[in-house]
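> Take a look at work.txt, compact mmCIF, C-alpha atoms and all ligand atoms:
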```
# COMPACT_ATOMS: atom_id res chain seq x y z
CA MET A 17 0.00 0.00 0.00
CA ARG A 18 1.56 3.25 -1.14
CA HIS A 19 -1.11 5.65 0.12
CA ALA A 20 -1.92 6.67 3.66
CA TYR A 21 -4.03 9.09 5.61
CA VAL A 22 -1.93 10.43 8.47
CA THR A 23 -2.93 12.22 11.63
CA LEU A 24 -1.08 13.30 14.76
CA VAL A 25 -1.87 12.88 18.46
CA THR A 26 0.29 14.08 21.33
CA ASN A 27 -2.20 13.71 24.19
CA ALA A 28 -5.40 11.93 25.20
CA ASP A 29 -7.71 14.71 23.96
CA TYR A 30 -6.44 14.53 20.41
CA ALA A 31 -6.52 10.71 20.61
CA MET A 32 -10.29 11.11 21.16
CA GLY A 33 -10.45 13.36 18.14
CA ALA A 34 -8.52 10.80 16.10
CA GLU A 35 -10.95 8.07 17.08
CA ALA A 36 -13.86 9.94 15.47
CA LEU A 37 -11.68 10.84 12.45
CA VAL A 38 -10.56 7.24 11.90
CA ARG A 39 -14.12 5.97 12.18
CA SER A 40 -15.20 8.54 9.59
CA LEU A 41 -12.35 7.55 7.26
CA LYS A 42 -13.28 3.90 7.46
CA LEU A 43 -16.92 4.71 6.70
CA SER A 44 -15.72 6.66 3.64
CA GLY A 45 -14.64 3.30 2.21
CA THR A 46 -11.01 4.25 1.72
CA GLY A 47 -8.53 1.71 0.42
CA ALA A 48 -5.55 3.54 1.95
CA ASP A 49 -3.66 2.86 5.19
CA ILE A 50 -4.51 5.00 8.20
CA VAL A 51 -1.44 6.06 10.18
CA VAL A 52 -1.55 7.72 13.59
CA LEU A 53 1.66 9.46 14.55
CA HIS A 54 1.81 9.59 18.33
CA THR A 55 4.30 10.95 20.81
CA GLY A 56 5.24 9.49 24.19
CA GLY A 57 2.69 11.92 25.70
CA VAL A 58 -0.14 9.53 24.83
CA THR A 59 -0.73 6.57 27.12
CA GLY A 60 -1.35 3.04 25.87
CA GLY A 61 -4.87 3.31 27.27
CA ALA A 62 -5.63 6.37 25.16
CA LEU A 63 -4.28 4.63 22.05
CA ARG A 64 -6.20 1.38 22.58
CA PRO A 65 -9.41 2.45 20.77
CA LEU A 66 -7.27 3.41 17.77
CA THR A 67 -5.57 0.02 17.76
CA ALA A 68 -8.98 -1.61 17.87
CA LEU A 69 -9.93 0.33 14.72
CA GLY A 70 -6.96 -1.20 12.91
CA VAL A 71 -4.79 1.87 12.37
CA ARG A 72 -1.04 1.76 11.98
CA LEU A 73 0.47 3.42 15.07
CA VAL A 74 3.83 5.09 14.46
CA GLU A 75 5.68 6.55 17.41
CA ALA A 76 7.18 9.96 16.63
CA GLU A 77 9.25 12.30 18.74
CA LEU A 78 8.63 16.02 18.77
CA LEU A 79 11.06 17.72 16.39
CA PRO A 80 14.65 18.24 17.57
CA THR A 81 14.27 22.04 17.56
CA SER A 82 16.56 24.30 19.59
CA ALA A 83 15.77 25.47 23.12
CA ALA A 84 15.44 29.05 21.81
CA PHE A 85 12.95 27.93 19.14
CA ASN A 86 10.93 26.01 21.73
CA GLU A 87 10.90 29.02 24.02
CA ARG A 88 9.62 31.34 21.26
CA HIS A 89 6.82 28.92 20.37
CA GLN A 90 5.87 27.99 23.90
CA ARG A 91 2.10 28.39 24.47
CA ALA A 92 1.97 31.44 26.76
CA LYS A 93 4.62 33.28 24.76
CA LEU A 94 3.01 32.55 21.38
CA HIS A 95 -0.43 33.55 22.65
CA ALA A 96 1.06 36.84 23.93
CA ASP A 97 3.10 37.61 20.79
CA ALA A 98 0.48 36.50 18.25
CA PRO A 99 -2.88 36.63 20.07
CA PHE A 100 -5.89 34.67 18.86
CA THR A 101 -8.69 37.21 18.41
CA LYS A 102 -11.21 35.10 16.46
CA GLY A 103 -11.59 32.01 18.62
CA ASN A 104 -10.12 30.09 21.55
CA LYS A 105 -7.59 27.29 21.61
CA PRO A 106 -8.37 24.60 24.18
CA SER A 107 -6.08 24.26 27.20
CA PHE A 108 -4.87 20.88 25.92
CA HIS A 109 -3.46 22.47 22.73
CA THR A 110 0.33 22.90 22.78
CA PRO A 111 1.50 24.94 19.77
CA LEU A 112 4.94 23.38 19.71
CA ASP A 113 3.40 19.92 19.21
CA ASN A 114 1.92 21.02 15.86
CA PHE A 115 5.34 20.98 14.23
CA ALA A 116 5.58 17.20 14.70
CA LYS A 117 3.27 16.92 11.66
CA LEU A 118 6.39 17.44 9.57
CA ARG A 119 7.45 13.91 10.61
CA LEU A 120 5.15 12.55 7.93
CA TRP A 121 7.78 13.45 5.36
CA GLN A 122 9.82 10.65 6.97
CA LEU A 123 7.18 8.03 6.08
CA THR A 124 8.97 7.23 2.86
CA ASP A 125 7.35 3.84 2.33
CA TYR A 126 4.35 5.87 1.11
CA GLU A 127 4.33 7.55 -2.25
CA ARG A 128 1.62 10.03 -1.20
CA VAL A 129 -0.01 10.88 2.08
CA VAL A 130 -3.00 13.00 2.96
CA PHE A 131 -2.54 14.59 6.37
CA ILE A 132 -5.70 15.35 8.34
CA ASP A 133 -5.86 17.07 11.75
CA ALA A 134 -7.25 14.94 14.57
CA ASP A 135 -10.10 17.47 14.98
CA ALA A 136 -11.68 16.73 11.59
CA LEU A 137 -14.20 14.31 10.06
CA VAL A 138 -14.17 12.86 6.55
CA LEU A 139 -17.76 12.68 5.33
CA ARG A 140 -17.26 11.05 1.93
CA ASN A 141 -14.51 9.31 0.01
CA ILE A 142 -11.59 11.60 -0.83
CA ASP A 143 -9.10 8.97 -2.08
CA ARG A 144 -8.67 10.87 -5.35
CA LEU A 145 -6.45 13.30 -3.41
CA PHE A 146 -3.71 10.64 -3.58
CA SER A 147 -3.28 11.41 -7.26
CA TYR A 148 -2.82 15.13 -6.56
CA PRO A 149 0.68 16.65 -6.47
CA GLU A 150 2.61 18.00 -3.52
CA PHE A 151 1.71 20.45 -2.05
CA CYS A 152 -2.08 20.87 -1.97
CA ALA A 153 -4.11 22.48 0.79
CA ALA A 154 -7.40 24.35 1.06
CA PRO A 155 -7.49 28.05 1.97
CA ASN A 156 -8.00 29.12 5.57
CA VAL A 157 -11.47 30.47 4.88
CA TYR A 158 -13.81 31.14 7.79
CA GLU A 159 -14.55 34.84 7.84
CA SER A 160 -13.90 36.81 4.66
CA LEU A 161 -12.48 36.79 1.13
CA ALA A 162 -9.09 37.91 2.45
CA ASP A 163 -8.80 34.45 4.03
CA PHE A 164 -8.12 32.99 0.57
CA HIS A 165 -4.56 34.30 0.78
CA ARG A 166 -3.61 31.77 3.44
CA LEU A 167 -3.72 28.01 3.53
CA ASN A 168 -5.04 25.90 6.36
CA SER A 169 -2.77 23.04 7.38
CA GLY A 170 -5.54 20.79 8.70
CA VAL A 171 -5.78 18.88 5.39
CA PHE A 172 -2.97 18.61 2.87
CA VAL A 173 -1.44 16.33 0.23
CA ALA A 174 2.28 15.58 0.57
CA ARG A 175 4.99 13.34 -0.81
CA PRO A 176 7.23 11.84 1.90
CA CYS A 177 10.92 12.36 1.15
CA GLY A 178 13.93 12.40 3.47
CA LYS A 179 15.54 15.32 1.69
CA THR A 180 12.38 17.42 1.96
CA TYR A 181 12.23 16.63 5.68
CA ASN A 182 15.85 17.73 6.19
CA ASP A 183 15.34 20.90 4.14
CA MET A 184 12.31 21.68 6.25
CA LEU A 185 14.16 21.34 9.54
CA ALA A 186 16.95 23.57 8.25
CA MET A 187 14.49 26.31 7.28
CA LEU A 188 12.26 25.88 10.33
CA ASP A 189 14.79 26.49 13.08
CA ARG A 190 16.76 29.43 11.77
CA PRO A 191 17.90 32.01 14.33
CA ASP A 192 14.95 34.15 15.47
CA ALA A 193 12.45 32.32 13.23
CA PHE A 194 8.96 32.83 14.64
CA TRP A 195 6.09 30.95 12.96
CA ARG A 196 3.07 32.72 14.41
CA ARG A 197 0.58 30.03 13.34
CA THR A 198 3.18 27.27 13.72
CA ASP A 199 3.22 24.53 11.04
CA GLN A 200 0.61 26.42 9.03
CA THR A 201 2.72 29.55 8.58
CA PHE A 202 5.78 27.41 7.99
CA LEU A 203 4.21 25.21 5.30
CA GLN A 204 2.96 28.24 3.41
CA ALA A 205 6.49 29.70 3.45
CA PHE A 206 8.09 26.38 2.47
CA PHE A 207 5.60 25.81 -0.39
CA PRO A 208 4.91 29.34 -1.67
CA ASP A 209 3.39 27.86 -4.85
CA TRP A 210 0.92 25.61 -2.97
CA HIS A 211 -1.98 24.26 -5.00
CA GLY A 212 -5.37 25.32 -3.71
CA LEU A 213 -7.96 22.66 -2.99
CA PRO A 214 -11.64 23.63 -2.94
CA VAL A 215 -12.74 24.76 0.52
CA PHE A 216 -15.01 21.71 0.72
CA PHE A 217 -11.95 19.52 1.38
CA ASN A 218 -11.37 21.41 4.62
CA MET A 219 -14.56 23.16 5.66
CA LEU A 220 -13.82 25.11 8.83
CA GLN A 221 -16.55 25.04 11.46
CA TYR A 222 -16.78 28.84 11.76
CA VAL A 223 -18.06 28.98 8.15
CA TRP A 224 -21.28 27.58 9.61
CA PHE A 225 -22.11 30.90 11.29
CA ASN A 226 -19.81 33.42 9.54
CA MET A 227 -20.39 32.49 5.89
CA PRO A 228 -23.47 30.22 5.85
CA GLU A 229 -24.00 30.78 2.12
CA LEU A 230 -20.77 28.84 1.50
CA TRP A 231 -22.00 25.77 3.35
CA ASP A 232 -23.60 22.99 1.32
CA TRP A 233 -23.66 19.49 2.80
CA LYS A 234 -23.78 18.02 -0.70
CA SER A 235 -20.30 19.42 -1.38
CA VAL A 236 -18.59 19.17 2.01
CA SER A 237 -16.07 16.30 2.14
CA VAL A 238 -14.20 17.23 5.33
CA VAL A 239 -15.41 19.22 8.35
CA HIS A 240 -12.63 20.68 10.45
CA TYR A 241 -13.31 21.87 14.01
CA GLN A 242 -10.71 24.62 14.17
CA TYR A 243 -10.41 26.55 17.49
CA GLU A 244 -12.86 25.06 20.04
CA LYS A 245 -13.17 21.26 19.89
CA PRO A 246 -16.49 19.42 19.71
CA TRP A 247 -15.61 17.27 22.74
CA GLU A 248 -14.92 20.32 24.96
CA LYS A 249 -17.64 20.73 27.58
CA ASP A 250 -19.83 23.78 26.89
CA HIS A 251 -17.40 25.93 24.99
CA PRO A 252 -18.53 29.50 24.20
CA LYS A 253 -19.60 28.72 20.61
CA ALA A 254 -21.27 25.38 21.39
CA GLU A 255 -24.84 26.60 20.92
CA LYS A 256 -24.07 28.20 17.55
CA LEU A 257 -22.33 25.00 16.39
CA ARG A 258 -24.78 22.49 17.85
CA PRO A 259 -25.55 20.56 14.62
CA LEU A 260 -21.82 20.17 13.88
CA ILE A 261 -21.07 19.09 17.44
CA ASP A 262 -23.88 16.53 17.31
CA LEU A 263 -22.43 15.19 14.06
CA TRP A 264 -19.00 14.76 15.65
CA HIS A 265 -20.50 12.89 18.62
CA ALA A 266 -22.35 10.52 16.28
CA TYR A 267 -19.05 9.57 14.62
CA TYR A 268 -17.28 9.31 17.97
CA ALA A 269 -19.99 6.98 19.31
CA GLY A 270 -20.17 5.12 16.00
CA GLU A 271 -23.97 5.28 16.03
CA GLY A 272 -26.70 7.58 14.77
CA ILE A 273 -24.52 8.80 11.90
CA PRO A 274 -26.86 10.68 9.56
CA ASP A 275 -27.02 10.62 5.77
CA ILE A 276 -24.86 13.67 4.99
CA ASP A 277 -26.77 14.58 1.84
CA ARG A 278 -29.96 14.94 3.86
CA LEU A 279 -28.63 17.26 6.55
CA GLU A 280 -30.02 20.76 6.73
CA ASN A 281 -27.78 23.61 5.64
CA PRO A 282 -27.38 26.52 8.07
CA THR A 283 -29.87 29.36 8.02
CA GLY A 284 -28.72 31.86 5.42
CA ALA A 285 -27.38 29.17 3.08
CA THR A 286 -28.55 29.41 -0.50
N1 LIG A 301 -1.98 18.42 17.94
C1 LIG A 301 -1.77 17.52 18.99
N2 LIG A 301 -1.49 18.03 20.24
C2 LIG A 301 -1.44 19.35 20.51
C3 LIG A 301 -1.64 20.25 19.45
C4 LIG A 301 -1.91 19.76 18.18
O1 LIG A 301 -1.84 16.31 18.80
O2 LIG A 301 -1.21 19.72 21.68
C5 LIG A 301 -2.23 17.89 16.57
C6 LIG A 301 -3.66 17.38 16.33
O3 LIG A 301 -3.64 16.47 15.25
C7 LIG A 301 -4.38 18.65 15.95
C8 LIG A 301 -3.34 19.33 15.07
O4 LIG A 301 -2.08 18.96 15.65
O5 LIG A 301 -5.60 18.41 15.28
C9 LIG A 301 -3.44 20.85 14.99
O6 LIG A 301 -3.93 21.43 16.17
P1 LIG A 301 -5.44 21.97 16.25
O7 LIG A 301 -6.27 21.10 15.41
O8 LIG A 301 -5.83 22.05 17.71
O9 LIG A 301 -5.35 23.44 15.65
P2 LIG A 301 -6.51 24.27 14.93
O10 LIG A 301 -7.09 23.41 13.85
O11 LIG A 301 -7.50 24.63 15.99
O12 LIG A 301 -5.79 25.46 14.39
MN MN A 302 -7.34 21.41 13.59
```
Since I need it in another form, could you write the structure as structure tokens?
Ligand code: UDP
Ligand code: MN


Amino acid sequence: MRHAYVTLVTNADYAMGAEALVRSLKLSGTGADIVVLHTGGVTGGALRPLTALGVRLVEAELLPTSAAFNERHQRAKLHADAPFTKGNKPSFHTPLDNFAKLRLWQLTDYERVVFIDADALVLRNIDRLFSYPEFCAAPNVYESLADFHRLNSGVFVARPCGKTYNDMLAMLDRPDAFWRRTDQTFLQAFFPDWHGLPVFFNMLQYVWFNMPELWDWKSVSVVHYQYEKPWEKDHPKAEKLRPLIDLWHAYYAGEGIPDIDRLENPTGAT
């Protein structure tokens, strides 16, 4: 098998997210491997449900970045230097951990991989992405047209390659480098000519209430719960996102999963 979906988990919360993601991928009828990169921060108990789903677990260290780099990207410092004004990151989110995604370029037994954040669901088969070139990602659209200038690193197509991985590390940890949105800012700088996927391959949850006319369940292939996570208890946007949160819980439980094409679009959708 030369194709794999890859996700990353560095703690028990994201292992929960991955469980719903993996279940959704399996229901999409994919023929590809499903790889979960996990750090030592995840206990065997938290990984067990993933093993039961038949994923390939690959242990991965955080990147060997310098102490100065780690200090600059440490949670409190990053939140102070590049504040989040649009939404909240959960307390279990450690910005530095995001960079470990780059480890997928070391999975050189795969010809192509599709990386998907652990806080996403795949609602229909997207295996055709394996025939897309490196580097494809959807734009970071959730508020306005200006968002089309930036990519979102929650879903992307990549070609594992040891040289690419080494080149990335060399560029990543240069003196004073500060990647304000971590791997996302870095990947956009490393692949300035990134290919744009349609937004439907990485539909960000805030589109639901900010740009409802863009939402159409018949087109959405991946829903991505950026900022607050659907398994967080009563987060500030939970009421506004209720139908999306209910959908996530159905996949997590593995029961009551609705027919996506029959779901109701948000009010304001055309
Ligand atoms: N991640 C992780 N542990 C962390 C932070 C991030 O495992 O402490 C992984 C996980 O796969 C997650 C992804 O990196 O989905 C990116 O983080 P997140 O999805 O929270 O960022 P957002 O989509 O909200 O920008
Ligand atoms: Mn995410």

> Compute the set of protein, DNA and RNA residues whose minimum atom distance to ligand MN 302 (chain A) is at most 9 Å, using only C-alpha atoms and all ligand atoms, and state it as a PDB file with C-alpha atoms, in the coordinates of the input.


```pdb
ATOM      1  CA  ILE A 132      -5.700  15.350   8.340  1.00  0.00           C
ATOM      2  CA  ASP A 133      -5.860  17.070  11.750  1.00  0.00           C
ATOM      3  CA  ALA A 134      -7.250  14.940  14.570  1.00  0.00           C
ATOM      4  CA  ASP A 135     -10.100  17.470  14.980  1.00  0.00           C
ATOM      5  CA  ALA A 136     -11.680  16.730  11.590  1.00  0.00           C
ATOM      6  CA  ASN A 168      -5.040  25.900   6.360  1.00  0.00           C
ATOM      7  CA  SER A 169      -2.770  23.040   7.380  1.00  0.00           C
ATOM      8  CA  GLY A 170      -5.540  20.790   8.700  1.00  0.00           C
ATOM      9  CA  VAL A 171      -5.780  18.880   5.390  1.00  0.00           C
ATOM     10  CA  LEU A 220     -13.820  25.110   8.830  1.00  0.00           C
ATOM     11  CA  HIS A 240     -12.630  20.680  10.450  1.00  0.00           C
ATOM     12  CA  TYR A 241     -13.310  21.870  14.010  1.00  0.00           C
ATOM     13  CA  GLN A 242     -10.710  24.620  14.170  1.00  0.00           C
ATOM     14  CA  TYR A 243     -10.410  26.550  17.490  1.00  0.00           C
ATOM     15  CA  LYS A 245     -13.170  21.260  19.890  1.00  0.00           C
TER      16      LYS A 245
END
```

> With all atoms listed in the file counted and 10 Å as the cut-off, give the residues of chain A in contact with ligand LIG 301 (chain A), each with its shortest interatomic distance in Å and the pair that gives it, as CSV.


```
residue,atom,partner,partner_atom,distance
A:Val22,CA,A:LIG301,O3,9.2
A:Thr23,CA,A:LIG301,O3,5.6
A:Leu24,CA,A:LIG301,O3,4.1
A:Val25,CA,A:LIG301,O1,3.4
A:Thr26,CA,A:LIG301,O1,4.0
A:Asn27,CA,A:LIG301,N2,5.9
A:Ala28,CA,A:LIG301,O1,8.5
A:Asp29,CA,A:LIG301,N2,8.0
A:Tyr30,CA,A:LIG301,O1,5.2
A:Ala31,CA,A:LIG301,O1,7.5
A:Gly33,CA,A:LIG301,O5,7.6
A:Ala34,CA,A:LIG301,O3,7.5
A:Val52,CA,A:LIG301,O3,9.1
A:Leu53,CA,A:LIG301,O1,8.8
A:His54,CA,A:LIG301,O1,7.7
A:Thr55,CA,A:LIG301,O1,8.4
A:Gly57,CA,A:LIG301,N2,9.2
A:Val58,CA,A:LIG301,O1,9.2
A:Arg91,CA,A:LIG301,O2,9.7
A:Gly103,CA,A:LIG301,O11,8.8
A:Asn104,CA,A:LIG301,O11,8.2
A:Lys105,CA,A:LIG301,O11,6.2
A:Pro106,CA,A:LIG301,O8,7.4
A:Ser107,CA,A:LIG301,O2,8.6
A:Phe108,CA,A:LIG301,O2,5.7
A:His109,CA,A:LIG301,O2,3.7
A:Thr110,CA,A:LIG301,O2,3.7
A:Pro111,CA,A:LIG301,C3,5.7
A:Leu112,CA,A:LIG301,C3,7.3
A:Asp113,CA,A:LIG301,C2,5.0
A:Asn114,CA,A:LIG301,O4,4.5
A:Phe115,CA,A:LIG301,O4,7.8
A:Ala116,CA,A:LIG301,O4,7.9
A:Lys117,CA,A:LIG301,O4,7.0
A:Phe131,CA,A:LIG301,O3,9.1
A:Ile132,CA,A:LIG301,O3,7.3
A:Asp133,CA,A:LIG301,O5,3.8
A:Ala134,CA,A:LIG301,O5,3.9
A:Asp135,CA,A:LIG301,O5,4.6
A:Ala136,CA,A:LIG301,O5,7.3
A:Asn156,CA,A:LIG301,O12,9.8
A:Asn168,CA,A:LIG301,O12,8.1
A:Ser169,CA,A:LIG301,O10,7.8
A:Gly170,CA,A:LIG301,O10,6.0
A:Val171,CA,A:LIG301,O10,9.7
A:Arg197,CA,A:LIG301,O12,7.9
A:Thr198,CA,A:LIG301,O12,9.2
A:Asp199,CA,A:LIG301,C9,8.6
A:Gln200,CA,A:LIG301,O12,8.4
A:Leu220,CA,A:LIG301,O10,8.6
A:Gln221,CA,A:LIG301,O10,9.9
A:His240,CA,A:LIG301,O10,7.1
A:Tyr241,CA,A:LIG301,O10,6.4
A:Gln242,CA,A:LIG301,O11,3.7
A:Tyr243,CA,A:LIG301,O11,3.8
A:Glu244,CA,A:LIG301,O11,6.7
A:Lys245,CA,A:LIG301,O11,7.7
```

> Could you pull out every residue with an atom within 12 Å of (-15.4, 38.9, 4.4), file coordinates, counting all atoms listed in the file, and send them as a VMD selection string?

chain A and resid 157 to 164 223 226 to 228 230

> Report, in Å to a single decimal, how far apart CA of Leu79 in chain A and CA of Arg39 in chain A are.

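Between these atoms lies a distance of 28.1 Å.
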
> Need the neighbours of (14.9, 14.0, 6.6): which residues are at most 12 Å away, counting all atoms listed in the file, as a list of chain:residue names?

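Here the neighbourhood of the point contains A:Leu79, A:Pro80, A:Leu118, A:Arg119, A:Leu120, A:Trp121, A:Gln122, A:Leu123, A:Thr124, A:Pro176, A:Cys177, A:Gly178, A:Lys179, A:Thr180, A:Tyr181, A:Asn182, A:Asp183, A:Met184, A:Leu185, A:Ala186.
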
> Between A:Gln204, A:Ala48, A:Ser40, A:Tyr21, which residue has the minimum interatomic distance to Pro274 in chain A, considering all atoms listed in the file?

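Distance minimum relative to Pro274 in chain A lands on A:Ser40.
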
> Please identify all polymer residues within 9 Å of Val38 in chain A, counting only C-alpha atoms, omitting same-chain residues fewer than 4 positions from it, and present them as an NGL selection string.

:A and (33-34 or 42-43 or 50 or 66 or 69 or 71 or 134 or 137-138)

> Give the answer as one residue: which of A:Leu78, A:Ala96, A:Val130, A:Leu37 has the shortest atom-to-atom distance to Ala20 in chain A, using only C-alpha atoms?

A:Val130

> With distances taken over only C-alpha atoms, which of A:Leu213, A:Arg144, A:Glu35, A:Phe202 is nearest to Asp189 in chain A?

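Comparing A:Leu213, A:Arg144, A:Glu35, A:Phe202 against Asp189 in chain A, the winner is A:Phe202.
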
> Enter the distance from CA of Thr283 in chain A to CA of Val239 in chain A, in Å, rounded to one decimal.

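Between CA of Thr283 in chain A and CA of Val239 in chain A the gap is 17.7 Å.
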
> If you measure from CA of Ala153 in chain A to CA of Ser235 in chain A, what distance in Å do you get, rounded to one decimal?

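Straight-line distance from CA of Ala153 in chain A to CA of Ser235 in chain A works out to 16.6 Å.
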
> Just checking: using only C-alpha atoms, which residue out of A:Gly284, A:Pro99, A:His19, A:Val238 ends up closest to Arg175 in chain A?

A:His19
